[in-house]
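Student: Once you've had a glance at the structure underneath, I'll fire off some questions.
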Amino acid sequence: MTAMEYRTIPEADLQTALDLHYLVFLEKAPEDDTRESHRDVLLHCDRVGAYEGDDLVGLLAAHPLDLSVPGGALPAAGVTFVSVAPTHRRRGVLSGMIAELFRRCADRGVPLASLWVSEAAIYGRFGFDPATHSYTVTIDATHPLDLRITPDERPLRLLPFASAAPVITPRHEAARRDRAGRVARDDWWWRTQVLPETFEEDDEMSEPRVVVLGDPGEPPAGYVVYRTKTDDEGRGTAHVEELEAESPEVAAALWRYTASIDLADKVRAWGRPLDDPLLRFAGDRDQVDVTREFPGLWLRLVDVPAALTGRTWSAPVDLVLEVTDAGVPQNAGRYRLTAKPDAGGAHRAEVTRTDDAPDLTLDVRELAACYLGGTDPAELVRAGLVEEHRPGAAALLGQASRTELLPHTTDEF
């Protein structure tokens, strides 16, 4: 049997890689323009290939992301296009590709890996766990949106989607500073991942509509990106892809707008944060219906000390964490996590190896779940997933890791 080799997929093999991906996901080969857009994505990614001789039997791509974390941002590998040939399943191909990815992350100083799962049962064993959560909401737009607060009455403007990115980028960057889990966007990301003319998953959707709120000549106080679609009976839906606002009043104005679009009797918003103020300032919760809650971004700490020192903490903490990690053995061991306020009042951490008795024992997977502040460690203790050796240690870690706003991810990749 030929040994498996893991190496970078060259540009010359990208069409072969795409054929493998379509085969694995039971997809018919798409039209040339869609195929070319997929090739363009792979060109912008780090590409790990599993080769058996000259045959490509596995593909894993990774976007070079800049991911917001509490108090800053860190580089992260955004895993996508994961595919293993059906003839080579259960032969360790995926494990080999992920090990190669983690090795590359270590070499390049990338402490985090992240992904959106197609099959949730797969990635936990590689140390990934959901770090952000979202909900889908549907608004009955057959009558005006009932609100408990007064919306911001500054003017609304419709922007051409092809030139909207420079206008709304400052508001998106402000949202990144406020919430962990957000991806930095360059021109390519805006154009291909956020504002492409055609929605790949449903070509009957309209092109993106971009509406901003604020006085002309001033940076927008908020924006909404949505697409529209009409069914066979002429019933329209506005599909909100993103809505960012500097205040609840601005958000209320944008939601009021989307619920008042002519010929659209429904608003559907996928992927809203769990602490979205819409759920509080909506006057009629029968009109605003949460239809689904789901895990968003799955996170993996590839370098535990770098990840823990790369974020700020909300309170002083001095704990010994015993971390287990079967996938990256150099992560395993005991760490003293000490966070104290700096001159600016932010709590920065020092992380050192120690032989002291642990206060908490947890797998790197559970550490990832808590890392952005979206999961309370005490909840994991109650679930039997984290062992608490010192009473109250989980509560201390939870207090220190908590953030004012819940982490949330808007970019699916």
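Going by the structure tokens order, chains are called A, B, ..., each with residues numbered from 1, while ligands are numbered from 1 in the order shown.
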So that I can see what lies close to A:His143, please list as a ChimeraX atom specification the residues with an atom at most 10 Å from it, counting only C-alpha atoms and leaving out residues fewer than 4 positions away in the same chain.

Tutor: /A:139,259-260,265-266,287

Student: For A:Glu173, list every protein, DNA or RNA residue within 12 Å, evaluated using only C-alpha atoms, and leave out those in the same chain fewer than 2 positions away; present the list as number ranges by chain.

Tutor: A: 66-68, 72-73, 165-171, 175-180, 182-186, 222, 244-246

Student: Fewer than 3 positions away in the same chain doesn't count, so skip those; otherwise give me all residues within 8 Å of A:Ile149, counting only C-alpha atoms, as a compact mmCIF listing (two decimals) with all heavy atoms, in the first residue's frame.

Tutor:
```txt
# COMPACT_ATOMS: atom_id res chain seq x y z
N GLU A 249 -31.65 52.21 19.09
CA GLU A 249 -32.56 53.03 18.28
C GLU A 249 -32.23 52.90 16.79
O GLU A 249 -33.15 52.87 15.95
CB GLU A 249 -32.46 54.49 18.72
CG GLU A 249 -33.01 54.78 20.11
CD GLU A 249 -32.07 54.36 21.24
OE1 GLU A 249 -30.88 54.09 20.96
OE2 GLU A 249 -32.53 54.30 22.39
N ALA A 252 -33.50 49.51 15.76
CA ALA A 252 -34.95 49.54 15.63
C ALA A 252 -35.36 50.15 14.30
O ALA A 252 -36.31 49.67 13.64
CB ALA A 252 -35.56 50.31 16.79
N PHE A 281 -36.70 44.80 22.44
CA PHE A 281 -37.49 45.98 22.09
C PHE A 281 -38.65 45.69 21.14
O PHE A 281 -39.43 46.58 20.83
CB PHE A 281 -36.63 47.15 21.59
CG PHE A 281 -35.85 46.93 20.31
CD1 PHE A 281 -36.46 46.55 19.13
CD2 PHE A 281 -34.47 47.16 20.30
CE1 PHE A 281 -35.73 46.40 17.96
CE2 PHE A 281 -33.73 47.01 19.13
CZ PHE A 281 -34.38 46.62 17.95
```

Student: Determine, counting only C-alpha atoms, which protein, DNA and RNA residues have an atom within 6 Å of an atom of stretch 313-328 of chain A; residues of the same chain fewer than 6 positions away are not included. Present the result as an MDAnalysis selection string.

Tutor: chainID A and resid 334:340 347 358:364 400:401

Student: Using N, CA and C atoms, can you write the selected residues to a file as a compact mmCIF listing (two decimals), in the first residue's frame?

Tutor:
```txt
# COMPACT_ATOMS: atom_id res chain seq x y z
N ARG A 334 -0.19 21.40 32.83
CA ARG A 334 -0.77 22.34 33.79
C ARG A 334 -0.24 23.74 33.54
N TYR A 335 -1.17 24.70 33.57
CA TYR A 335 -0.83 26.10 33.34
C TYR A 335 -1.38 26.94 34.49
N ARG A 336 -0.57 27.86 34.95
CA ARG A 336 -1.09 28.87 35.88
C ARG A 336 -1.51 30.08 35.06
N LEU A 337 -2.79 30.38 35.13
CA LEU A 337 -3.36 31.54 34.44
C LEU A 337 -3.54 32.64 35.47
N THR A 338 -2.80 33.73 35.27
CA THR A 338 -2.87 34.86 36.20
C THR A 338 -3.19 36.12 35.40
N ALA A 339 -4.30 36.76 35.72
CA ALA A 339 -4.69 38.00 35.04
C ALA A 339 -4.80 39.12 36.05
N LYS A 340 -4.13 40.23 35.74
CA LYS A 340 -4.16 41.41 36.59
C LYS A 340 -4.40 42.63 35.70
N HIS A 347 -7.43 43.61 31.93
CA HIS A 347 -6.80 42.49 32.64
C HIS A 347 -6.05 41.63 31.62
N PRO A 358 -3.93 21.17 40.27
CA PRO A 358 -4.87 21.90 39.41
C PRO A 358 -6.12 22.34 40.17
N ASP A 359 -6.66 23.49 39.75
CA ASP A 359 -7.97 23.93 40.22
C ASP A 359 -9.08 23.39 39.33
N LEU A 360 -8.79 23.26 38.05
CA LEU A 360 -9.74 22.71 37.08
C LEU A 360 -8.99 21.80 36.13
N THR A 361 -9.62 20.70 35.73
CA THR A 361 -9.10 19.85 34.68
C THR A 361 -10.11 19.84 33.54
N LEU A 362 -9.63 20.15 32.35
CA LEU A 362 -10.53 20.22 31.20
C LEU A 362 -9.78 19.91 29.92
N ASP A 363 -10.50 19.38 28.96
CA ASP A 363 -9.92 19.12 27.65
C ASP A 363 -9.84 20.42 26.87
N VAL A 364 -8.94 20.44 25.89
CA VAL A 364 -8.80 21.63 25.05
C VAL A 364 -10.12 21.97 24.35
N ALA A 400 -14.02 35.79 34.88
CA ALA A 400 -12.89 36.42 34.19
C ALA A 400 -13.03 36.36 32.67
N SER A 401 -13.65 35.31 32.16
CA SER A 401 -13.76 35.16 30.70
C SER A 401 -14.99 35.82 30.12
```

Student: Would you please give, as a VMD selection string, all residues of stretch 224-257 of chain A that DSSP assigns to strand (DSSP E) based on the backbone?

Tutor: chain A and resid 224 to 230 236 to 245

Student: Calculated over only C-alpha atoms, which of the candidates A:Arg154, A:Arg402, A:Arg382, A:Arg348 has the smallest distance to A:Cys370?

Tutor: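 For A:Cys370, the nearest of the candidates is A:Arg402.
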
Student: Within 9 Å of A:Leu297, counting only C-alpha atoms, which residues qualify if same-chain residues fewer than 3 places away don't, as a VMD selection string?

Tutor: chain A and resid 114 to 117 129 to 133 181 408 to 409 411 to 412
